[in-house]
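Shown next: upload.cif, given as mmCIF, C-alpha atoms.
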```cif
data_run
#
loop_
_atom_site.label_atom_id
_atom_site.label_comp_id
_atom_site.auth_asym_id
_atom_site.auth_seq_id
_atom_site.Cartn_x
_atom_site.Cartn_y
_atom_site.Cartn_z
CA MET A 1 -15.87 23.90 -14.48
CA ALA A 2 -16.30 21.39 -11.68
CA VAL A 3 -15.34 22.33 -8.14
CA HIS A 4 -12.75 20.09 -6.49
CA ARG A 5 -12.44 20.56 -2.76
CA SER A 6 -10.07 17.71 -1.96
CA LEU A 7 -8.12 17.80 -5.20
CA GLN A 8 -5.95 20.20 -7.14
CA VAL A 9 -6.51 19.45 -10.81
CA THR A 10 -4.30 20.67 -13.66
CA GLU A 11 -3.84 19.73 -17.31
CA VAL A 12 -0.52 18.75 -18.83
CA GLY A 13 -1.20 18.11 -22.51
CA ASP A 14 -3.98 15.54 -22.60
CA VAL A 15 -3.17 14.23 -19.11
CA THR A 16 -5.11 15.34 -16.05
CA VAL A 17 -2.72 15.72 -13.13
CA VAL A 18 -4.33 15.39 -9.71
CA ARG A 19 -2.70 16.46 -6.47
CA PHE A 20 -4.29 15.81 -3.11
CA VAL A 21 -5.00 18.76 -0.86
CA ASP A 22 -5.17 16.75 2.39
CA ARG A 23 -1.92 15.39 3.75
CA LYS A 24 -3.73 12.59 5.55
CA ILE A 25 -6.27 10.63 3.53
CA LEU A 26 -7.73 9.02 6.59
CA ASP A 27 -11.01 10.44 7.70
CA GLU A 28 -14.14 8.61 6.52
CA VAL A 29 -15.83 11.79 5.24
CA THR A 30 -12.67 12.98 3.50
CA ILE A 31 -12.27 9.62 1.79
CA GLN A 32 -15.92 9.61 0.61
CA GLU A 33 -15.59 13.14 -0.76
CA LEU A 34 -12.26 12.46 -2.35
CA GLY A 35 -13.49 9.24 -3.96
CA GLN A 36 -16.49 11.03 -5.44
CA GLU A 37 -14.35 13.85 -6.81
CA LEU A 38 -11.99 11.35 -8.43
CA PHE A 39 -14.88 9.35 -9.91
CA ASN A 40 -16.41 12.56 -11.30
CA LEU A 41 -13.23 13.25 -13.26
CA ILE A 42 -13.86 10.05 -15.19
CA GLU A 43 -17.63 9.79 -15.21
CA GLU A 44 -18.76 13.42 -15.41
CA GLU A 45 -15.81 15.21 -16.95
CA ASN A 46 -14.79 12.34 -19.26
CA ARG A 47 -11.09 12.66 -18.58
CA SER A 48 -9.34 9.52 -19.77
CA LYS A 49 -5.70 9.96 -18.73
CA LEU A 50 -5.27 10.49 -15.01
CA LEU A 51 -2.07 10.96 -13.07
CA LEU A 52 -2.38 10.99 -9.28
CA ASN A 53 0.55 12.80 -7.68
CA PHE A 54 0.91 11.69 -4.04
CA SER A 55 3.68 14.13 -3.08
CA ALA A 56 1.55 15.86 -0.43
CA VAL A 57 0.14 12.66 1.05
CA GLU A 58 1.67 11.55 4.35
CA PHE A 59 -0.86 8.94 5.36
CA LEU A 60 -3.57 6.81 3.83
CA SER A 61 -5.75 4.02 5.15
CA SER A 62 -7.08 0.81 3.61
CA HIS A 63 -10.41 2.54 2.99
CA ALA A 64 -8.63 5.07 0.77
CA LEU A 65 -6.95 2.18 -1.04
CA GLY A 66 -10.43 0.79 -1.69
CA LYS A 67 -11.42 4.06 -3.40
CA LEU A 68 -8.29 3.92 -5.58
CA ILE A 69 -9.17 0.36 -6.61
CA THR A 70 -12.69 1.48 -7.58
CA LEU A 71 -11.19 4.40 -9.51
CA GLU A 72 -8.88 2.03 -11.37
CA LYS A 73 -11.90 -0.09 -12.39
CA LYS A 74 -13.78 2.98 -13.59
CA VAL A 75 -10.79 4.22 -15.60
CA LYS A 76 -10.48 0.78 -17.18
CA ALA A 77 -14.20 0.71 -17.98
CA HIS A 78 -13.83 4.07 -19.74
CA LYS A 79 -10.79 2.75 -21.63
CA GLY A 80 -8.59 5.33 -19.95
CA LYS A 81 -5.19 5.19 -18.27
CA LEU A 82 -4.31 5.76 -14.62
CA LYS A 83 -0.84 6.31 -13.19
CA LEU A 84 0.40 7.13 -9.70
CA SER A 85 3.56 9.03 -8.82
CA ASN A 86 5.59 10.68 -6.03
CA ILE A 87 4.62 8.12 -3.38
CA ARG A 88 6.74 8.39 -0.24
CA PRO A 89 8.45 5.18 0.99
CA GLU A 90 6.10 4.45 3.95
CA ILE A 91 3.07 4.77 1.71
CA TYR A 92 4.69 2.73 -1.06
CA GLU A 93 5.12 0.02 1.57
CA VAL A 94 1.33 0.03 2.07
CA PHE A 95 0.91 -0.60 -1.68
CA ALA A 96 3.61 -3.28 -1.64
CA ILE A 97 2.25 -5.18 1.39
CA THR A 98 -1.21 -5.34 -0.16
CA LYS A 99 0.34 -6.11 -3.58
CA LEU A 100 -1.49 -3.16 -5.05
CA ASN A 101 1.83 -2.08 -6.55
CA LYS A 102 1.05 -4.79 -9.12
CA LEU A 103 -2.41 -3.43 -9.85
CA PHE A 104 -1.37 0.21 -10.22
CA ASP A 105 1.21 1.67 -12.55
CA ILE A 106 3.41 3.54 -10.06
CA LYS A 107 6.14 5.87 -11.31
CA GLU A 108 8.91 7.62 -9.40
CA ASP A 109 7.89 11.19 -10.26
CA GLU A 110 5.49 13.23 -12.36
CA ALA A 111 7.87 13.52 -15.33
CA ASP A 112 8.34 9.73 -15.47
CA ALA A 113 4.60 9.19 -15.27
CA LEU A 114 3.77 11.79 -17.94
CA ALA A 115 6.32 10.24 -20.30
CA ALA A 116 4.72 6.82 -19.82
CA PHE A 117 1.19 7.74 -21.04
CA MET B 1 3.31 -10.40 28.63
CA ILE B 2 6.80 -9.13 29.42
CA ASN B 3 6.84 -6.83 32.46
CA ASP B 4 8.00 -3.46 31.27
CA GLU B 5 8.09 -0.24 33.13
CA TRP B 6 5.17 1.60 31.62
CA ILE B 7 5.79 5.28 31.10
CA TRP B 8 2.36 6.13 29.73
CA SER B 9 -1.00 4.47 29.67
CA LEU B 10 -4.52 5.13 28.50
CA ASN B 11 -7.71 3.31 29.37
CA ARG B 12 -10.90 4.69 27.87
CA LEU B 13 -14.32 3.74 26.70
CA ILE B 14 -14.92 5.96 23.70
CA PRO B 15 -18.14 6.61 21.78
CA ASN B 16 -18.52 5.13 18.32
CA ASP B 17 -17.33 8.38 16.80
CA PRO B 18 -14.45 8.71 14.27
CA VAL B 19 -13.63 12.19 15.62
CA VAL B 20 -12.88 10.73 19.06
CA ALA B 21 -10.95 7.88 17.42
CA ARG B 22 -8.83 10.52 15.71
CA GLN B 23 -8.12 12.18 19.09
CA VAL B 24 -6.95 8.84 20.52
CA LEU B 25 -4.69 8.33 17.50
CA GLU B 26 -3.21 11.78 17.98
CA GLN B 27 -2.56 11.10 21.68
CA ILE B 28 -0.68 7.92 20.81
CA ARG B 29 1.29 9.66 18.07
CA GLU B 30 2.30 12.46 20.46
CA GLN B 31 3.54 9.93 23.02
CA LEU B 32 5.57 8.01 20.42
CA GLU B 33 7.07 11.24 19.14
CA ALA B 34 7.92 12.32 22.69
CA GLN B 35 9.75 9.02 23.15
CA GLN B 36 11.55 9.61 19.84
CA TRP B 37 10.27 6.52 18.06
CA ASP B 38 11.37 6.46 14.46
CA GLU B 39 9.10 7.78 11.75
CA ARG B 40 8.41 4.44 10.09
CA ASP B 41 7.34 2.88 13.41
CA ILE B 42 5.06 5.83 14.19
CA PHE B 43 3.54 5.57 10.72
CA GLY B 44 2.99 1.81 11.16
CA VAL B 45 1.45 2.12 14.64
CA ARG B 46 -0.88 4.91 13.52
CA LEU B 47 -1.97 2.92 10.49
CA ALA B 48 -2.57 -0.27 12.51
CA VAL B 49 -4.45 1.52 15.31
CA ASP B 50 -6.52 3.48 12.79
CA GLU B 51 -7.45 0.28 10.94
CA ALA B 52 -8.37 -1.45 14.22
CA LEU B 53 -10.51 1.50 15.37
CA VAL B 54 -12.29 1.74 12.00
CA ASN B 55 -12.93 -2.03 12.07
CA ALA B 56 -14.32 -1.79 15.62
CA MET B 57 -16.63 1.14 14.85
CA LYS B 58 -17.71 0.20 11.36
CA HIS B 59 -17.75 -3.59 11.27
CA GLY B 60 -17.94 -4.45 14.98
CA ASN B 61 -20.35 -1.82 16.29
CA ARG B 62 -21.93 -1.34 12.84
CA GLN B 63 -21.71 2.45 13.20
CA ASP B 64 -24.22 2.34 16.05
CA ALA B 65 -23.82 5.67 17.89
CA GLY B 66 -25.13 4.05 21.08
CA LYS B 67 -22.22 1.62 21.26
CA GLN B 68 -18.72 2.12 22.59
CA VAL B 69 -15.17 1.02 21.89
CA GLY B 70 -12.75 0.15 24.67
CA VAL B 71 -9.19 1.33 24.15
CA ALA B 72 -6.41 0.29 26.51
CA CYS B 73 -2.89 1.29 25.64
CA LYS B 74 0.47 1.18 27.43
CA LEU B 75 3.84 2.45 26.38
CA SER B 76 7.24 1.49 27.72
CA GLU B 77 10.64 2.53 26.45
CA LYS B 78 10.78 -0.56 24.28
CA ARG B 79 7.26 -1.27 23.16
CA LEU B 80 3.67 -0.22 22.74
CA TRP B 81 0.79 -2.50 23.74
CA ILE B 82 -2.79 -1.78 22.75
CA ARG B 83 -6.15 -3.54 23.04
CA ILE B 84 -9.23 -2.38 21.13
CA ALA B 85 -12.60 -3.99 21.86
CA ASP B 86 -16.03 -3.38 20.34
CA GLU B 87 -19.53 -4.47 21.35
CA GLY B 88 -20.19 -6.44 18.20
CA PRO B 89 -20.70 -10.20 17.85
CA GLY B 90 -17.08 -10.68 16.73
CA PHE B 91 -15.66 -12.28 13.62
CA CYS B 92 -13.25 -15.01 12.64
CA PRO B 93 -10.04 -13.40 11.31
CA GLU B 94 -9.11 -16.64 9.51
CA SER B 95 -12.28 -16.41 7.42
CA VAL B 96 -11.23 -13.10 5.86
CA PRO B 97 -10.02 -13.81 2.31
CA ASP B 98 -6.39 -13.11 1.41
CA CYS B 99 -6.55 -9.70 -0.27
CA THR B 100 -3.24 -10.30 -2.05
CA GLU B 101 -4.52 -13.28 -4.06
CA PRO B 102 -4.94 -12.15 -7.69
CA GLU B 103 -8.70 -12.88 -7.65
CA ASN B 104 -9.14 -10.72 -4.51
CA LEU B 105 -6.80 -7.88 -5.46
CA GLU B 106 -9.65 -5.64 -6.53
CA ARG B 107 -12.02 -6.64 -3.69
CA PRO B 108 -12.41 -4.42 -0.63
CA CYS B 109 -11.54 -7.12 1.91
CA GLY B 110 -8.95 -7.88 4.54
CA ARG B 111 -6.52 -5.16 3.56
CA GLY B 112 -6.69 -3.40 6.93
CA ILE B 113 -5.96 -6.61 8.88
CA MET B 114 -3.07 -7.40 6.56
CA LEU B 115 -1.56 -3.95 7.16
CA MET B 116 -1.99 -4.35 10.93
CA ARG B 117 -0.14 -7.70 10.85
CA ASN B 118 2.67 -6.26 8.75
CA PHE B 119 3.27 -3.05 10.64
CA MET B 120 2.88 -4.44 14.19
CA SER B 121 5.09 -7.03 15.91
CA ARG B 122 2.09 -9.04 17.20
CA VAL B 123 -1.63 -9.00 16.43
CA GLU B 124 -4.05 -11.34 18.20
CA TYR B 125 -7.83 -11.53 18.37
CA ASN B 126 -9.79 -12.91 21.30
CA THR B 127 -11.89 -16.05 20.84
CA ARG B 128 -15.09 -14.12 20.20
CA GLY B 129 -13.31 -11.92 17.66
CA ASN B 130 -14.52 -8.58 19.03
CA ALA B 131 -11.19 -7.50 20.55
CA VAL B 132 -7.75 -7.17 19.07
CA GLU B 133 -4.52 -6.98 21.02
CA MET B 134 -1.46 -5.59 19.27
CA GLU B 135 2.14 -4.91 20.18
CA LYS B 136 4.90 -2.99 18.54
CA GLN B 137 8.49 -3.59 19.59
CA ARG B 138 10.63 -0.60 19.00
#
```

Before anything else, please render the file you have as structure tokens.
Amino acid sequence: MAVHRSLQVTEVGDVTVVRFVDRKILDEVTIQELGQELFNLIEEENRSKLLLNFSAVEFLSSHALGKLITLEKKVKAHKGKLKLSNIRPEIYEVFAITKLNKLFDIKEDEADALAAF
Amino acid sequence: MINDEWIWSLNRLIPNDPVVARQVLEQIREQLEAQQWDERDIFGVRLAVDEALVNAMKHGNRQDAGKQVGVACKLSEKRLWIRIADEGPGFCPESVPDCTEPENLERPCGRGIMLMRNFMSRVEYNTRGNAVEMEKQR
């Protein structure tokens, strides 16, 4: 079983639910680590349905957004599905300003997202 | 610039080190919280200042540990003013592609600057493009 330092990973049916351990996805090293752990879920562990639950996240920078964009490309390349949920209003605004709310499938909460896979 | 009564100011040359950048961010956050700025404004200022510091250290100073970043910041009851300058050659902000255009949506470009412009009341670069001045009206 892979070790995830920045992520809390659980299974709900065939969906892998990912929660972030850090409240602020900001630091360069944290973002690198986090990105790699997310990519491993797809590339090493072959998980195809990913739900990222942002409930614990209070802050994220454009560099973190870049990692999410790369993750989305990798999921697509592996013919998988990626959904995001539980994003607080300030952070949703970051997605909306950069129009990434159109790139990502963002759901209100985990139940909504799980039902949409 | 409007003449406010400044209640807090900071003027530092910091090393090209993200840990020190984080300390500066925390100092600013503490001041805004002490002045009871609302949460959305604090979030926006932190995001904009973080993006500007990362740009200065990563793109301006090219992560050169021998270079420094100048941070000048003033806070009045009504607004926050901040200037962040690096030692790099500068860049032309107008040449950064629009990250919200469909063809650029998946490219890692310009998103930080766009967030700075949206969350702050004013964002201006100097002619050389190695210093950014930002203001947030409460």

With only C-alpha atoms as the basis for distance, which of B:Ala72, B:Leu25, B:Ala56, B:Lys67 is at the shortest distance from Arg12 in chain B?
B:Ala72

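Residue nearest Thr10 in chain A within the list A:Glu72, A:Asn53, A:Val29, A:Asp22: A:Asn53 [criterion: smallest interatomic distance, all atoms listed in the file].
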
Kindly resolve the PyMOL selection byres ((chain B) within 10 of (chain A)) on the present coordinates and return the residues as an MDAnalysis selection string.
chainID B and resid 18:19 22 39:41 43:44 46:48 50:51 54 98:102 105:115 118:119

Given the file shown, determine the residues that the PyMOL selection byres ((chain A and resi 34-41) around 10) selects; report them as an NGL selection string.
:A and (2-7 or 9 or 16 or 18 or 20-22 or 25 or 28-33 or 42-50 or 52 or 64 or 66-68 or 70-72 or 74-75)

Selection result of the PyMOL selection byres ((chain B and resi 21) around 10) on this file, as a PyMOL selection string:
chain B and resi 14-20+22-27+49-50+53-54+57+69+71

Store the residues picked out above, limited to C-alpha atoms, as a JSON list (two decimals), in the frame of the given file.
```json
[["chain", "number", "residue", "atom", "x", "y", "z"],
["B", 14, "ILE", "CA", -14.92, 5.96, 23.70],
["B", 15, "PRO", "CA", -18.14, 6.61, 21.78],
["B", 16, "ASN", "CA", -18.52, 5.13, 18.32],
["B", 17, "ASP", "CA", -17.33, 8.38, 16.80],
["B", 18, "PRO", "CA", -14.45, 8.71, 14.27],
["B", 19, "VAL", "CA", -13.63, 12.19, 15.62],
["B", 20, "VAL", "CA", -12.88, 10.73, 19.06],
["B", 22, "ARG", "CA", -8.83, 10.52, 15.71],
["B", 23, "GLN", "CA", -8.12, 12.18, 19.09],
["B", 24, "VAL", "CA", -6.95, 8.84, 20.52],
["B", 25, "LEU", "CA", -4.69, 8.33, 17.50],
["B", 26, "GLU", "CA", -3.21, 11.78, 17.98],
["B", 27, "GLN", "CA", -2.56, 11.10, 21.68],
["B", 49, "VAL", "CA", -4.45, 1.52, 15.31],
["B", 50, "ASP", "CA", -6.52, 3.48, 12.79],
["B", 53, "LEU", "CA", -10.51, 1.50, 15.37],
["B", 54, "VAL", "CA", -12.29, 1.74, 12.00],
["B", 57, "MET", "CA", -16.63, 1.14, 14.85],
["B", 69, "VAL", "CA", -15.17, 1.02, 21.89],
["B", 71, "VAL", "CA", -9.19, 1.33, 24.15]]
```

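Of note, CA of Arg122 in chain B and CA of Gln68 in chain B are spaced 24.2 Å apart.
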
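Between CA of Arg88 in chain A and CA of Glu108 in chain A there is a distance of 9.4 Å.
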
Kindly compute an axis-aligned box around the listed atoms of range 75-85 of chain A, allowing 6 Å on each side, and express its centre and edge lengths in Å to one decimal as JSON.
```
{"center_x": -5.3, "center_y": 4.9, "center_z": -15.2, "size_x": 29.8, "size_y": 20.3, "size_z": 24.8}
```

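Between CA of Ala131 in chain B and CA of Cys73 in chain B lies a distance of 13.1 Å.
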
Up to 10 Å from (-17.8, -15.6, 14.2) in the file's coordinates: name the residues, counting only C-alpha atoms, as an MDAnalysis selection string.
chainID B and resid 89:95 127:130

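Between Tyr92 in chain A and the candidates A:Ala77, A:Ile106, A:Val12, A:Ala111, the tightest atom-to-atom separation, counting all atoms listed in the file, involves A:Ile106.
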